[in-house]
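Structure first, commentary second.
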Amino acid sequence: MFPFFSYVSFLLLFLLLLPSVPEARTIRAIAPEVATVTRVDVDNYTWSGFQRFLDVQKGSKVDGMSKLKEYLHRFGYLQLNDTNFTDIFDTHFESALTRYQSKLGLPVSGKLDSSTVSQIMVPRCGVSDTPSKLHVRKNYAFFPGQPRWTGLTPMTLTYALSPTDSLSYLDRTDIRNVLQRAFSHWATVIPLSFTESKAYRMADIKVGFYNGDHGDGEPFDGVLGVLGHAFSPQSGRFHLDAAETWAIDLGSEKSRDAVDLESVMTHEIGHVLGLAHSSVQEAVMYPSLSPRTKKVNLRYDDVKGVQALYGSNPNFKMNSLLVSETSNQGFVLSPISNKWVTAILLILCLFRYY
Ligand SMILES: [Zn+2]
Ligand SMILES: [Zn+2]
């Protein structure tokens with residue numbers, strides 16, 4: 001018996017010490033750099049005041065909490081008739097927090113915990129989120145009705161940078177080069193091409209930088225806060241907040257509030273094409289982006305989403321795309337399933353010895 005038990009014990013120990021099965025990984029066809037979402041202490045001029053609501057409990061009344069309700073209403077989590085936006089942490093507010101946490105891929109607690117309050121303060125896109133149902137697999141999303149550009153395939157869309165609504169502190173040619181790169185990320189994966197038009201008024205996609213209220217009912221809010229927004233197909237309106245410190249190269253732009261231009265342009269083009277916000281934190285279509293963060297490479301989730309609308313570029317190979325280690329798209333054995341595998345192997349071993 002001794003050799004048998006020692007053998008089984010050894011086998012059991014070996015199995016338990018085995019490292020977890022690595023998540024599906026690999027390959028980044030589009031560009032080699034790794035997209036990251038960096039959590040930083042954001043001195044967000046628009047939303048930094050929300051810090052004081054950290055750990056406020058349900059039932060409490062705190063001056064200014066109505067602003068937090070307005071934030072959740074603005075981004076699609078609280079209906080106007082849910083509450084009259086009092087300063088009380090009520091049940092509607094708790095439900096809205098839960099929906100927000102689920103959509104943003106945060107621990108779903110319904111509380112104003114640190115991860116939630118921190119996330120709320122991170123600068124983000126002005127497009128409203130489409131809350132996902134709880135416990136539903138989180139991934140890409142479309143606008144209601146799944147609008148998309150239609151036409152002959154392969155399709156060509158024209159774009160142009162506004163001749164008047166641009167930035168004075170960046171070279172126009174540099175901005176146009178960044179815009180071209182941002183479009184190229186999407187053109188790599190779908191049978192669409194984008195060409196720059198000199199006729200701004202005639203272009204399918206019109207890009208401009210605007211301050212404050214700029215006539216479309218979605219005013220910008222100054223430094224940080226909302227960074228930009230774009231409209232669903234086939235509007236083609238693609239606006240960036242001129243008040244930001246836009247950076248073409250984060251290495252040379254030292255401002256702590258600098259926002260990477262290519263990252264936000266790439267994100268907004270996703271909206272122009274018909275993608276709404278994703279719950280996958282590493283995805284380009286995730287709604288928020290910290291200052292001084294570069295995130296320009298489409299992830300598996302972004303590619304699956306846009307290809308669901310337009311199909312694949314024949315030259316693009318999905319298996320050559322790096323599947324994010326944390327995009328939850330890969331087949332990953334959870335600790336629970338690991339235990340089951342161990343138990344099954346152990347039973348098989350016992351059968352063999354009896
Ligand atoms: Zn967005
Ligand atoms: Zn606008």
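Identifiers in the structure tokens: chain A, B, ... in order shown; residue index from 1 per chain; ligand index from 1 in order shown.
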*asked:* Set the distance at 10 Å and use only C-alpha atoms: which residues neighbour Arg52 in chain A once local chain neighbours fewer than 6 positions away are removed? I'd like the list as JSON, numbers by chain.
replied: {"A": [62, 64, 65, 117]}
*Around ligand 1, at most 12 Å away and counting only C-alpha atoms and all ligand atoms, which residues are there? Put them as a VMD selection string, please.*
chain A and resid 75 123 to 130 140 to 143 226 to 232 238 to 240 263 to 279 283 to 289
*range 248-250 of chain A: which residues within 8 Å, counting only C-alpha atoms, same-chain residues fewer than 5 positions away excluded, as a ChimeraX atom specification?*
/A:174-175,178,258,260-262,292
Written selection (N, CA and C atoms) as a compact mmCIF listing (two decimals), in the first residue's frame:
# COMPACT_ATOMS: atom_id res chain seq x y z
N ASP A 174 0.58 67.24 -39.05
CA ASP A 174 0.77 66.21 -38.02
C ASP A 174 -0.59 65.63 -37.59
N ILE A 175 -1.57 66.49 -37.41
CA ILE A 175 -2.91 66.01 -37.02
C ILE A 175 -3.47 65.10 -38.12
N VAL A 178 -1.92 61.70 -37.96
CA VAL A 178 -2.46 60.90 -36.86
C VAL A 178 -3.84 60.35 -37.25
N ALA A 258 -2.03 65.50 -20.51
CA ALA A 258 -1.98 65.23 -21.95
C ALA A 258 -2.83 64.02 -22.30
N ASP A 260 -3.70 61.32 -25.44
CA ASP A 260 -3.13 60.83 -26.69
C ASP A 260 -4.14 60.94 -27.83
N LEU A 261 -3.77 61.72 -28.83
CA LEU A 261 -4.70 62.03 -29.92
C LEU A 261 -5.07 60.79 -30.74
N GLU A 262 -4.09 59.99 -31.08
CA GLU A 262 -4.38 58.81 -31.91
C GLU A 262 -5.32 57.84 -31.19
N ARG A 292 -2.24 60.56 -20.48
CA ARG A 292 -0.93 59.99 -20.71
C ARG A 292 -0.98 58.48 -20.97
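Among the candidates A:Thr245, A:Ser102, A:Ser109, A:Ser184, the one nearest to Gln57 in chain A when counting only C-alpha atoms is A:Ser109.
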*From the set A:Asn81, A:Asn177, A:Asn139, A:Ser235, which residue has the shortest atom-to-atom contact distance to ligand 2, counting only C-alpha atoms and all ligand atoms?*
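Closest residue, counting only C-alpha atoms and all ligand atoms: A:Ser235.
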_Nearest-residue call for ligand 2, choices A:Phe50, A:Phe209, A:Phe183, A:Tyr200, using only C-alpha atoms and all ligand atoms_ = A:Phe209
*What residues in range 130-272 of chain A get the DSSP label helix (DSSP H, G or I)? Please answer as an NGL selection string.*
:A and (172-187 or 200-202 or 261-272)
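The space between CA of Asp216 in chain A and atom 1 (Zn, counted along the ligand's line) of ligand 2 spans 5.4 Å.
Nearest to Leu157 in chain A of all the residues A:Gly236, A:Phe93, A:His214, A:Phe85 is A:Gly236, counting only C-alpha atoms.
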*Where in range 82-242 of chain A does DSSP assign strand (DSSP E), given as an NGL selection string?*
:A and (155-161 or 192-196 or 205-210 or 228-230 or 237-241)
Save the residues we just selected, N, CA and C atoms, as a compact mmCIF listing (two decimals), in the first residue's frame?
# COMPACT_ATOMS: atom_id res chain seq x y z
N MET A 155 -15.93 49.09 -49.81
CA MET A 155 -16.50 50.43 -49.70
C MET A 155 -15.40 51.45 -49.39
N THR A 156 -15.55 52.63 -49.92
CA THR A 156 -14.61 53.70 -49.58
C THR A 156 -15.38 54.86 -48.97
N LEU A 157 -14.92 55.30 -47.81
CA LEU A 157 -15.50 56.47 -47.17
C LEU A 157 -14.48 57.60 -47.20
N THR A 158 -14.98 58.80 -47.40
CA THR A 158 -14.07 59.95 -47.41
C THR A 158 -14.14 60.66 -46.06
N TYR A 159 -13.03 61.29 -45.69
CA TYR A 159 -13.01 62.04 -44.43
C TYR A 159 -12.22 63.32 -44.64
N ALA A 160 -12.46 64.28 -43.76
CA ALA A 160 -11.72 65.54 -43.84
C ALA A 160 -11.66 66.20 -42.48
N LEU A 161 -10.54 66.85 -42.21
CA LEU A 161 -10.36 67.65 -41.00
C LEU A 161 -10.89 69.05 -41.28
N LEU A 192 -13.20 48.06 -45.81
CA LEU A 192 -13.51 49.47 -45.99
C LEU A 192 -12.19 50.21 -46.13
N SER A 193 -12.17 51.21 -46.99
CA SER A 193 -10.98 52.05 -47.03
C SER A 193 -11.42 53.50 -46.82
N PHE A 194 -10.48 54.28 -46.36
CA PHE A 194 -10.78 55.67 -46.02
C PHE A 194 -9.82 56.56 -46.79
N THR A 195 -10.35 57.53 -47.48
CA THR A 195 -9.48 58.46 -48.20
C THR A 195 -9.79 59.88 -47.76
N GLU A 196 -8.73 60.68 -47.66
CA GLU A 196 -8.91 62.05 -47.23
C GLU A 196 -9.46 62.88 -48.40
N ILE A 205 -17.10 61.73 -43.51
CA ILE A 205 -16.75 61.85 -42.10
C ILE A 205 -16.06 63.20 -41.89
N LYS A 206 -16.66 64.00 -41.03
CA LYS A 206 -16.15 65.36 -40.81
C LYS A 206 -15.58 65.44 -39.40
N VAL A 207 -14.28 65.76 -39.33
CA VAL A 207 -13.57 65.76 -38.06
C VAL A 207 -13.26 67.19 -37.65
N GLY A 208 -13.53 67.53 -36.39
CA GLY A 208 -13.20 68.87 -35.94
C GLY A 208 -12.97 68.94 -34.44
N PHE A 209 -12.27 69.98 -34.02
CA PHE A 209 -12.03 70.24 -32.59
C PHE A 209 -12.92 71.41 -32.17
N TYR A 210 -13.66 71.24 -31.08
CA TYR A 210 -14.62 72.27 -30.68
C TYR A 210 -14.51 72.56 -29.18
N GLY A 228 -14.18 63.60 -26.19
CA GLY A 228 -14.67 63.70 -27.56
C GLY A 228 -15.94 62.90 -27.70
N HIS A 229 -16.54 62.95 -28.88
CA HIS A 229 -17.69 62.11 -29.16
C HIS A 229 -17.86 62.00 -30.68
N ALA A 230 -18.58 60.99 -31.07
CA ALA A 230 -18.87 60.83 -32.50
C ALA A 230 -20.25 60.22 -32.61
N ARG A 237 -20.30 62.66 -38.07
CA ARG A 237 -19.78 63.76 -37.24
C ARG A 237 -18.87 63.21 -36.16
N PHE A 238 -17.69 63.78 -36.03
CA PHE A 238 -16.62 63.22 -35.20
C PHE A 238 -15.92 64.43 -34.56
N HIS A 239 -16.22 64.67 -33.27
CA HIS A 239 -15.78 65.89 -32.61
C HIS A 239 -14.84 65.61 -31.43
N LEU A 240 -13.82 66.44 -31.29
CA LEU A 240 -12.89 66.33 -30.17
C LEU A 240 -12.90 67.63 -29.38
N ASP A 241 -12.72 67.52 -28.06
CA ASP A 241 -12.76 68.70 -27.19
C ASP A 241 -11.47 69.50 -27.36
_I need the residue nearest ligand 2 from this list: A:Leu179, A:Glu253, A:Leu170, A:Gly217. Use only C-alpha atoms and all ligand atoms for the distance._
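Of A:Leu179, A:Glu253, A:Leu170, A:Gly217, the one nearest ligand 2, counting only C-alpha atoms and all ligand atoms, is A:Gly217.
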